Amino acid sequence: MILFPNAKINLGLYITAKRPDGYHNLLTAFYPVGWRDILEIVPAKGSETTLTVTGRSVECAPEKNLVMRAYRAVAERMPLPPVDIYLHKVIPDGAGLGGGSSDAAFTIFGLNNLFGLGMSTAQMAGIASEIGADCPFFIYDRPMVATGIGDVFTPCEVNLDGVPVLIVKPKVHVPTRDAYSRVTPRTPDIDLSALLSSPVEEWQGRLVNQFEDSVFPLHPEIAALKEELLDMGAAYASMSGSGSSVFGIFPGADSAKLSLVAAERFPELDFFVSTNHV
């Protein structure tokens, strides 16, 4: 079975409170985009489950990879034969795009289909939630407003299908812990779902990623990248998650021309133009 785990971007991200357990409550919208890894799950040749990772380097031992954690989480609940898993990494790590979480969620989905386990979407999302707060999003894989620690999901009607979204990953890694340590929680005075139902052209300056306040002073190159996307004509630009990737939304743009411009502007950076979103 071959699957194509996709990335996500955050449309707005607000840290609303620090919790007694040390986590933070969030308000954000997750939106799926078409930057994808490649995941293959096949019956094992041997007696043990294996994971082979190719493509982008992943600084994680195979046994600690979220894909293997997903396999073990399913195997704890129901008998599973060993499998060989092949993961080709295309989505950049440390980018705020959820690539690892997506790989884990798609592993759960793939095992369910491959072995006819009969798990419902809610059951798969429940297992995914044990691996990471945003993992269940990729089980649903549709626009969602997330609250709690990013693990309580409500469907959102925002639709960017066919609208080019240019995502650029600078050569910077932003540790999530550092981003959180420098942010001041506050309750936003917006209705996120209502704002997202308005035209994209009305978002800039109103739809905010609060992590930009803490990340941009430390990494001005990320702030400069956001400004460059706006200079290229993006109706809206923002950092995704806690960084370091930045995206711009270009209503009415030609995706092929946008890709050519991006290749000229960012010859040494990873980028992707998503149009047919999940």
# chains A, B, ... in the order shown; residues from 1 in each chain; ligands from 1
$ select_by_dssp --residues "region 119-268 of chain A" --states "strand (DSSP E)" --output "list in words"
Met144, Val145, Ala146, Thr147, Val152, Phe153, Thr154, Pro155, Val165, Leu166, Ile167, Val168, Lys169, Tyr236, Ala237, Ser238, Met239, Val246, Phe247, Gly248 and Ile249 of chain A
$ select_by_dssp --residues "region 36-175 of chain A" --states "helix (DSSP H, G or I)" --output "PyMOL selection string"
chain A and resi 62-64+66-75+99-114+121-129+135-140
$ residues_around --residues "Phe153 (chain A)" --least-positions-apart "4" --cutoff "10 Å" --atoms "only C-alpha atoms" --output "number ranges by chain"
A: 28-30, 134, 136-137, 140, 143-148
$ write_last_selection --atoms "N, CA, C and O atoms" --output "tab-separated table (two decimals), in the first residue's frame"
chain	number	residue	atom	x	y	z
A	28	THR	N	-6.07	28.06	16.48
A	28	THR	CA	-5.48	28.10	15.15
A	28	THR	C	-6.38	27.38	14.18
A	28	THR	O	-7.30	26.65	14.58
A	29	ALA	N	-6.13	27.57	12.90
A	29	ALA	CA	-6.79	26.77	11.87
A	29	ALA	C	-5.72	26.01	11.11
A	29	ALA	O	-4.73	26.59	10.65
A	30	PHE	N	-5.88	24.70	11.02
A	30	PHE	CA	-5.00	23.85	10.22
A	30	PHE	C	-5.61	23.73	8.82
A	30	PHE	O	-6.80	23.44	8.67
A	134	ASP	N	-1.22	17.35	17.06
A	134	ASP	CA	-1.75	17.66	15.73
A	134	ASP	C	-1.93	16.43	14.85
A	134	ASP	O	-2.44	16.53	13.74
A	136	PRO	N	-4.09	13.89	14.98
A	136	PRO	CA	-5.46	13.59	14.54
A	136	PRO	C	-5.93	14.44	13.37
A	136	PRO	O	-6.77	14.01	12.58
A	137	PHE	N	-5.39	15.65	13.25
A	137	PHE	CA	-5.80	16.50	12.13
A	137	PHE	C	-5.61	15.77	10.80
A	137	PHE	O	-6.45	15.86	9.90
A	140	TYR	N	-8.38	13.41	9.78
A	140	TYR	CA	-9.52	14.11	9.17
A	140	TYR	C	-9.11	14.73	7.83
A	140	TYR	O	-9.86	14.67	6.85
A	143	PRO	N	-9.90	21.25	6.42
A	143	PRO	CA	-9.69	22.44	7.24
A	143	PRO	C	-10.37	22.32	8.60
A	143	PRO	O	-11.55	21.98	8.69
A	144	MET	N	-9.60	22.62	9.65
A	144	MET	CA	-10.11	22.49	11.01
A	144	MET	C	-9.61	23.65	11.87
A	144	MET	O	-8.44	24.03	11.80
A	145	VAL	N	-10.49	24.17	12.71
A	145	VAL	CA	-10.07	25.07	13.79
A	145	VAL	C	-9.68	24.19	14.96
A	145	VAL	O	-10.42	23.27	15.34
A	146	ALA	N	-8.51	24.44	15.53
A	146	ALA	CA	-8.01	23.65	16.64
A	146	ALA	C	-7.90	24.51	17.89
A	146	ALA	O	-7.42	25.64	17.84
A	147	THR	N	-8.36	23.96	19.01
A	147	THR	CA	-8.24	24.61	20.30
A	147	THR	C	-7.61	23.61	21.28
A	147	THR	O	-7.08	22.59	20.86
A	148	GLY	N	-7.68	23.89	22.58
A	148	GLY	CA	-6.98	23.06	23.55
A	148	GLY	C	-5.49	23.21	23.31
A	148	GLY	O	-4.98	24.31	23.05
$ closest_residue --among "A:Asn113, A:Leu27, A:Pro82, A:Glu201" --to "Leu11 (chain A)" --atoms "only C-alpha atoms"
A:Leu27
$ residues_around --residues "Asp103 (chain A)" --least-positions-apart "4" --cutoff "8 Å" --atoms "only C-alpha atoms" --output "list in words"
Pro5, Asp37, Leu39, Leu66, Val67, Gly99 and Thr107 of chain A
